[in-house]
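A.B. asks: Take a look at the following structure, please.
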Amino acid sequence: MGVHDGHRNRLKTRFISQGLSGFEDHNVLELLLFYSIPRSDTNEIAHRLLNQFKTLSGVFDAPVEELCKIKGVSTHTATLIKLIPELTAVYNTDKTKDIKIVSSTKEAGRFFVPRFYGKKNEEVHALFLDDKKKVIRCDKLFEGTVNSTPITVKKVVAAAVNTNATSVVIAHNHPGGVALPSRADMMATEKIYKALKLINIELCDHIIVADDDFVSMADSGEFERYKY
């Protein structure tokens with residue numbers, strides 16, 4: 001048995017019995033690093049990571065090349081660290097597969113929020129529904145930078161027509177920001193709303209997501225202005 005084996009076994013046993021409840025941030029990282037660093041003291045490496053990137057989320061969000069600058073962190077270890085937020089996003093999105101009908105703001109928020117988890121750039125997703133608000137499919141239509149996403153009305157309309165949708169809900173994220181529509185968001189939404197209306201397809205909502213929060217542009221009354 002190595003010098004660190006007893007500590008590792010105790011931390012694993014603690015996790016198995018109670019999950020991450022009560023774990024300090026460095027303990028969380030330490031436990032994760034067990035699986036890529038079999039011999040070294042992962043406690044020290046965990047502290048180095050937190051000292052450099054300040055928070056647990058900061059560690060997971062750090063680029064691979066920056067992680068590899070930390071003593072004791074190899075490309076193999078950096079890959080494991082970067083896997084966690086991506087895996088979490090896939091896990092949370094998979095849990096929304098049971099959503100077959102989206103007919104309310106709450107359901108739309110539950111559907112979309114996981115899809116933007118950990119995303120660094122703005123993305124626009126579109127959920128296509130039939131006349132009973134049953135989910136046909138959901139596509140990522142656009143990806144931009146950290147604070148903007150180009151949206152072309154033509155692509156949204158074409159995607160809606162190709163899926164035989166009778167209604168659409170669009171959503172996009174504000175990475176690191178707040179879940180409030182910008183002036184550009186409002187203008188783009190109005191154009192999409194009116195273009196879809198011309199071919200008898202309803203734009204039900206535009207959901208703005210920021211972390212675990214979301215805002216419905218339809219609920220905010222913005223869509224009422226488009227009807228006139």
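A note on labels: chains of the structure tokens are A, B, ... as shown, every chain counts residues from 1, and ligands are counted from 1 in their shown order.
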Mind the document's chain letters and residue numbers, and return as JSON, numbers by chain the residues of stretch 85-207 of chain A that DSSP labels strand (DSSP E or B).
C.D. replies: {"A": [101, 123, 124, 125, 126, 127, 128, 129, 134, 135, 136, 137, 138, 139, 140, 141, 142, 143, 167, 168, 169, 170, 171, 172, 173, 202, 203, 204, 205, 206, 207]}
A.B. asks: At most 10 Å is the cut-off: for each residue in stretch 96-168 of chain A with any atom that close to an atom of stretch 58-67 of chain A, write down the nearest atom pair and the distance in Å rounded to one decimal, counting only C-alpha atoms, chain first then increasing number, as a Markdown table.
C.D. replies:
| residue | atom | partner | partner_atom | distance |
| --- | --- | --- | --- | --- |
| A:Gly118 | CA | A:Asp61 | CA | 7.8 |
| A:Lys119 | CA | A:Asp61 | CA | 9.5 |
| A:Lys120 | CA | A:Asp61 | CA | 8.5 |
A.B. asks: Neighbouring residues of stretch 31-37 of chain A were defined as those with any atom within 9 Å, considering only C-alpha atoms; residues of the same chain fewer than 4 positions away were excluded. Please report them as a CSV table (one decimal) with C-alpha atoms, in the first residue's frame.
C.D. replies:
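Heads up, here's the output in selection.csv:
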chain,number,residue,atom,x,y,z
A,8,ARG,CA,-7.6,7.9,-1.0
A,11,LEU,CA,-12.1,9.9,0.6
A,12,LYS,CA,-13.7,7.5,-1.9
A,15,PHE,CA,-18.1,10.0,-1.4
A,26,HIS,CA,-10.1,21.0,-3.0
A,27,ASN,CA,-11.5,17.7,-1.9
A,41,ASP,CA,-0.3,13.8,-3.8
A,42,THR,CA,-3.4,15.1,-5.5
A,43,ASN,CA,-4.2,17.4,-2.6
A,45,ILE,CA,-2.2,19.7,-7.1
A,46,ALA,CA,-5.8,20.5,-6.2
A,72,GLY,CA,1.6,18.0,-11.8
A,73,VAL,CA,-1.1,18.5,-14.4
A,74,SER,CA,-0.5,16.5,-17.6
A,76,HIS,CA,-4.2,13.4,-19.6
A,77,THR,CA,-5.2,15.1,-16.4
A,80,LEU,CA,-10.2,14.6,-17.5
A,81,ILE,CA,-10.9,18.0,-15.9
A.B. asks: Mind checking which residues fall within 7 Å of stretch 145-154 of chain A, counting only C-alpha atoms, ignoring those fewer than 3 positions away in the same chain, and posting them as a ChimeraX atom specification?
C.D. replies: /A:120-123,142,157-158,174-175,191-192
A.B. asks: Based on the selection just made, write C-alpha atoms of those residues as a CSV table (one decimal), in the first residue's frame.
C.D. replies:
chain,number,residue,atom,x,y,z
A,120,LYS,CA,-18.5,29.6,-23.6
A,121,ASN,CA,-20.0,31.1,-26.7
A,122,GLU,CA,-23.5,32.2,-27.6
A,123,GLU,CA,-25.5,29.6,-29.4
A,142,PHE,CA,-26.0,29.2,-34.9
A,157,VAL,CA,-37.6,29.6,-41.6
A,158,ALA,CA,-36.0,26.9,-43.7
A,174,HIS,CA,-25.7,34.7,-22.5
A,175,PRO,CA,-22.5,33.1,-21.2
A,191,LYS,CA,-38.0,39.5,-37.7
A,192,ILE,CA,-38.2,35.8,-37.1
A.B. asks: Write out as a PDB file with N, CA and C atoms, in the first residue's frame each polymer residue whose atoms come within 9 Å of A:Ile136, counting only C-alpha atoms; drop sequence neighbours fewer than 2 positions from it.
C.D. replies:
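Saved file out.pdb follows:
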ATOM      1  N   LYS A 100     -41.831  15.332 -23.974  1.00  0.00           N
ATOM      2  CA  LYS A 100     -42.422  15.063 -25.287  1.00  0.00           C
ATOM      3  C   LYS A 100     -43.288  16.223 -25.773  1.00  0.00           C
ATOM      4  N   LEU A 127     -36.396  24.734 -31.209  1.00  0.00           N
ATOM      5  CA  LEU A 127     -37.217  23.564 -30.906  1.00  0.00           C
ATOM      6  C   LEU A 127     -38.438  23.598 -31.826  1.00  0.00           C
ATOM      7  N   PHE A 128     -38.605  22.543 -32.606  1.00  0.00           N
ATOM      8  CA  PHE A 128     -39.688  22.487 -33.581  1.00  0.00           C
ATOM      9  C   PHE A 128     -40.809  21.586 -33.059  1.00  0.00           C
ATOM     10  N   LEU A 129     -42.035  22.099 -33.106  1.00  0.00           N
ATOM     11  CA  LEU A 129     -43.194  21.420 -32.521  1.00  0.00           C
ATOM     12  C   LEU A 129     -44.283  21.219 -33.561  1.00  0.00           C
ATOM     13  N   ASP A 130     -45.125  20.196 -33.336  1.00  0.00           N
ATOM     14  CA  ASP A 130     -46.277  20.009 -34.216  1.00  0.00           C
ATOM     15  C   ASP A 130     -47.481  20.771 -33.672  1.00  0.00           C
ATOM     16  N   LYS A 133     -48.114  20.682 -29.995  1.00  0.00           N
ATOM     17  CA  LYS A 133     -46.947  21.085 -29.219  1.00  0.00           C
ATOM     18  C   LYS A 133     -46.040  19.906 -28.849  1.00  0.00           C
ATOM     19  N   LYS A 134     -46.144  18.831 -29.622  1.00  0.00           N
ATOM     20  CA  LYS A 134     -45.236  17.703 -29.435  1.00  0.00           C
ATOM     21  C   LYS A 134     -43.887  18.019 -30.070  1.00  0.00           C
ATOM     22  N   CYS A 138     -34.930  19.204 -32.024  1.00  0.00           N
ATOM     23  CA  CYS A 138     -34.285  20.438 -31.579  1.00  0.00           C
ATOM     24  C   CYS A 138     -32.916  20.513 -32.236  1.00  0.00           C
ATOM     25  N   THR A 163     -38.856  20.654 -41.189  1.00  0.00           N
ATOM     26  CA  THR A 163     -39.318  19.727 -40.152  1.00  0.00           C
ATOM     27  C   THR A 163     -40.838  19.613 -40.102  1.00  0.00           C
ATOM     28  N   ASN A 164     -41.522  20.339 -40.979  1.00  0.00           N
ATOM     29  CA  ASN A 164     -42.984  20.369 -40.981  1.00  0.00           C
ATOM     30  C   ASN A 164     -43.553  20.841 -39.650  1.00  0.00           C
ATOM     31  N   ALA A 165     -42.860  21.773 -39.034  1.00  0.00           N
ATOM     32  CA  ALA A 165     -43.310  22.294 -37.738  1.00  0.00           C
ATOM     33  C   ALA A 165     -44.468  23.263 -37.938  1.00  0.00           C
TER      34      ALA A 165
END
A.B. asks: DSSP says alpha helix (DSSP H) for which residues of stretch 25-66 of chain A? Put them as number ranges by chain?
C.D. replies: A: 25-33, 42-53, 56-61, 64-66
A.B. asks: Those same residues - N, CA, C and O atoms - I'd like them written as a short mmCIF file (atom, residue, chain, number, x, y, z; two decimals), in the first residue's frame.
C.D. replies:
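Done, and the output landed in out-v2.cif:
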data_model
loop_
_atom_site.label_atom_id
_atom_site.label_comp_id
_atom_site.auth_asym_id
_atom_site.auth_seq_id
_atom_site.Cartn_x
_atom_site.Cartn_y
_atom_site.Cartn_z
N ASP A 25 -13.91 22.42 -1.88
CA ASP A 25 -13.59 22.42 -3.31
C ASP A 25 -12.32 21.63 -3.62
O ASP A 25 -12.26 20.89 -4.62
N HIS A 26 -11.33 21.76 -2.77
CA HIS A 26 -10.08 21.04 -3.04
C HIS A 26 -10.27 19.53 -2.90
O HIS A 26 -9.61 18.75 -3.59
N ASN A 27 -11.20 19.10 -2.03
CA ASN A 27 -11.49 17.67 -1.90
C ASN A 27 -12.14 17.12 -3.17
O ASN A 27 -11.87 15.99 -3.58
N VAL A 28 -13.02 17.93 -3.76
CA VAL A 28 -13.69 17.52 -5.00
C VAL A 28 -12.64 17.29 -6.09
O VAL A 28 -12.65 16.26 -6.77
N LEU A 29 -11.75 18.25 -6.25
CA LEU A 29 -10.70 18.10 -7.26
C LEU A 29 -9.76 16.95 -6.92
O LEU A 29 -9.36 16.18 -7.81
N GLU A 30 -9.43 16.85 -5.66
CA GLU A 30 -8.52 15.79 -5.21
C GLU A 30 -9.08 14.42 -5.59
O GLU A 30 -8.37 13.56 -6.13
N LEU A 31 -10.36 14.22 -5.31
CA LEU A 31 -11.00 12.94 -5.63
C LEU A 31 -10.98 12.69 -7.13
O LEU A 31 -10.67 11.58 -7.59
N LEU A 32 -11.30 13.70 -7.92
CA LEU A 32 -11.29 13.55 -9.37
C LEU A 32 -9.90 13.19 -9.89
O LEU A 32 -9.75 12.30 -10.75
N LEU A 33 -8.90 13.84 -9.34
CA LEU A 33 -7.53 13.63 -9.81
C LEU A 33 -6.98 12.26 -9.48
O LEU A 33 -5.99 11.82 -10.09
N THR A 42 -2.48 14.31 -4.76
CA THR A 42 -3.42 15.13 -5.52
C THR A 42 -3.96 16.30 -4.71
O THR A 42 -4.49 17.26 -5.28
N ASN A 43 -3.80 16.24 -3.39
CA ASN A 43 -4.24 17.37 -2.55
C ASN A 43 -3.44 18.62 -2.89
O ASN A 43 -4.00 19.71 -3.05
N GLU A 44 -2.16 18.46 -3.04
CA GLU A 44 -1.30 19.59 -3.38
C GLU A 44 -1.65 20.14 -4.77
O GLU A 44 -1.71 21.37 -4.97
N ILE A 45 -1.88 19.25 -5.71
CA ILE A 45 -2.21 19.68 -7.07
C ILE A 45 -3.56 20.40 -7.08
O ILE A 45 -3.73 21.42 -7.76
N ALA A 46 -4.51 19.88 -6.33
CA ALA A 46 -5.83 20.52 -6.24
C ALA A 46 -5.70 21.94 -5.71
O ALA A 46 -6.34 22.87 -6.22
N HIS A 47 -4.88 22.14 -4.69
CA HIS A 47 -4.68 23.47 -4.13
C HIS A 47 -4.00 24.39 -5.15
O HIS A 47 -4.33 25.58 -5.23
N ARG A 48 -3.05 23.86 -5.91
CA ARG A 48 -2.39 24.68 -6.93
C ARG A 48 -3.41 25.15 -7.97
O ARG A 48 -3.37 26.30 -8.42
N LEU A 49 -4.28 24.24 -8.38
CA LEU A 49 -5.30 24.59 -9.37
C LEU A 49 -6.23 25.68 -8.85
O LEU A 49 -6.53 26.65 -9.56
N LEU A 50 -6.66 25.55 -7.62
CA LEU A 50 -7.57 26.54 -7.05
C LEU A 50 -6.87 27.87 -6.80
O LEU A 50 -7.48 28.94 -6.95
N ASN A 51 -5.62 27.81 -6.43
CA ASN A 51 -4.86 29.06 -6.24
C ASN A 51 -4.72 29.83 -7.55
O ASN A 51 -4.78 31.06 -7.58
N GLN A 52 -4.58 29.08 -8.64
CA GLN A 52 -4.40 29.72 -9.94
C GLN A 52 -5.72 30.20 -10.54
O GLN A 52 -5.82 31.31 -11.06
N PHE A 53 -6.77 29.36 -10.44
CA PHE A 53 -8.02 29.65 -11.15
C PHE A 53 -9.15 30.09 -10.21
O PHE A 53 -10.28 30.31 -10.65
N LEU A 56 -13.76 26.50 -8.18
CA LEU A 56 -13.89 25.18 -8.80
C LEU A 56 -14.36 25.31 -10.24
O LEU A 56 -13.83 24.66 -11.15
N SER A 57 -15.34 26.18 -10.48
CA SER A 57 -15.81 26.39 -11.85
C SER A 57 -14.71 27.00 -12.71
O SER A 57 -14.61 26.71 -13.91
N GLY A 58 -13.88 27.84 -12.09
CA GLY A 58 -12.76 28.43 -12.82
C GLY A 58 -11.78 27.37 -13.29
O GLY A 58 -11.22 27.49 -14.39
N VAL A 59 -11.57 26.36 -12.48
CA VAL A 59 -10.70 25.24 -12.88
C VAL A 59 -11.30 24.51 -14.07
O VAL A 59 -10.63 24.26 -15.08
N PHE A 60 -12.60 24.18 -13.98
CA PHE A 60 -13.23 23.42 -15.06
C PHE A 60 -13.36 24.23 -16.34
O PHE A 60 -13.39 23.68 -17.43
N ASP A 61 -13.41 25.54 -16.22
CA ASP A 61 -13.54 26.41 -17.39
C ASP A 61 -12.20 26.79 -18.01
O ASP A 61 -12.16 27.32 -19.12
N VAL A 64 -7.19 24.01 -21.70
CA VAL A 64 -6.27 22.88 -21.48
C VAL A 64 -4.83 23.37 -21.35
O VAL A 64 -4.09 22.93 -20.46
N GLU A 65 -4.44 24.31 -22.22
CA GLU A 65 -3.05 24.77 -22.19
C GLU A 65 -2.72 25.49 -20.89
O GLU A 65 -1.57 25.43 -20.41
N GLU A 66 -3.71 26.16 -20.28
CA GLU A 66 -3.47 26.82 -19.00
C GLU A 66 -3.43 25.81 -17.87
O GLU A 66 -2.64 25.94 -16.93
#
A.B. asks: So, counting only C-alpha atoms, which residue among A:Arg10, A:Arg115, A:Arg110, A:His206 is closest to A:Tyr91?
C.D. replies: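 Nearest candidate to A:Tyr91 out of A:Arg10, A:Arg115, A:Arg110, A:His206: A:Arg115.
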A.B. asks: Looking at only C-alpha atoms, which of A:Asp131, A:Val113, A:Arg183, A:Thr79 is the one that sits closest to A:Lys95?
C.D. replies: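 That would be A:Val113, the residue with the smallest distance to A:Lys95.
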A.B. asks: What separation in Å, quoted to one decimal, exists between atom CA of A:Ser216 and atom CA of A:Leu180?
C.D. replies: 8.9 Å
A.B. asks: Find the residues near A:Lys132: any atom within 9 Å, counting only C-alpha atoms, skip ones fewer than 4 places away on the same chain, and give them as a list of chain:residue names.
C.D. replies: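 Here the answer would be A:Ile101, A:Ser103, A:Thr166.
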A.B. asks: Quick one: residues within 9 Å of A:Phe112, only C-alpha atoms counted, chain neighbours fewer than 3 positions away excluded, as number ranges by chain?
C.D. replies: A: 93, 96, 107-109, 115-116, 125, 127, 171-172, 207, 209, 214
A.B. asks: How would the residues just picked look written out with N, CA and C atoms as a compact mmCIF listing (two decimals), in the first residue's frame?
C.D. replies:
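Contents of out_13.txt, freshly written:
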# COMPACT_ATOMS: atom_id res chain seq x y z
N THR A 93 -28.81 17.19 -20.55
CA THR A 93 -29.60 17.21 -21.78
C THR A 93 -30.31 15.88 -21.98
N THR A 96 -33.64 15.44 -20.39
CA THR A 96 -34.80 16.15 -20.95
C THR A 96 -35.46 15.35 -22.08
N GLU A 107 -41.89 24.43 -19.12
CA GLU A 107 -41.39 23.28 -19.88
C GLU A 107 -40.29 23.69 -20.85
N ALA A 108 -40.44 24.87 -21.46
CA ALA A 108 -39.41 25.36 -22.39
C ALA A 108 -38.10 25.62 -21.65
N GLY A 109 -38.20 26.22 -20.46
CA GLY A 109 -37.01 26.48 -19.67
C GLY A 109 -36.32 25.19 -19.25
N ARG A 115 -29.11 22.53 -22.14
CA ARG A 115 -28.41 22.53 -23.42
C ARG A 115 -27.32 23.59 -23.52
N PHE A 116 -27.36 24.55 -22.62
CA PHE A 116 -26.35 25.61 -22.66
C PHE A 116 -25.36 25.50 -21.51
N HIS A 125 -30.52 27.83 -30.42
CA HIS A 125 -31.15 26.54 -30.66
C HIS A 125 -32.62 26.77 -31.01
N LEU A 127 -36.40 24.73 -31.21
CA LEU A 127 -37.22 23.56 -30.91
C LEU A 127 -38.44 23.60 -31.83
N ALA A 171 -34.15 29.63 -28.58
CA ALA A 171 -33.47 29.95 -27.32
C ALA A 171 -32.02 30.25 -27.61
N HIS A 172 -31.45 31.14 -26.83
CA HIS A 172 -30.00 31.35 -26.90
C HIS A 172 -29.49 31.73 -25.51
N ILE A 207 -36.45 32.05 -25.56
CA ILE A 207 -35.93 31.85 -24.20
C ILE A 207 -34.49 32.32 -24.14
N VAL A 209 -31.14 32.27 -21.83
CA VAL A 209 -30.59 31.46 -20.75
C VAL A 209 -29.26 32.04 -20.27
N PHE A 214 -33.42 31.62 -16.63
CA PHE A 214 -33.90 31.89 -17.98
C PHE A 214 -35.05 32.89 -17.93
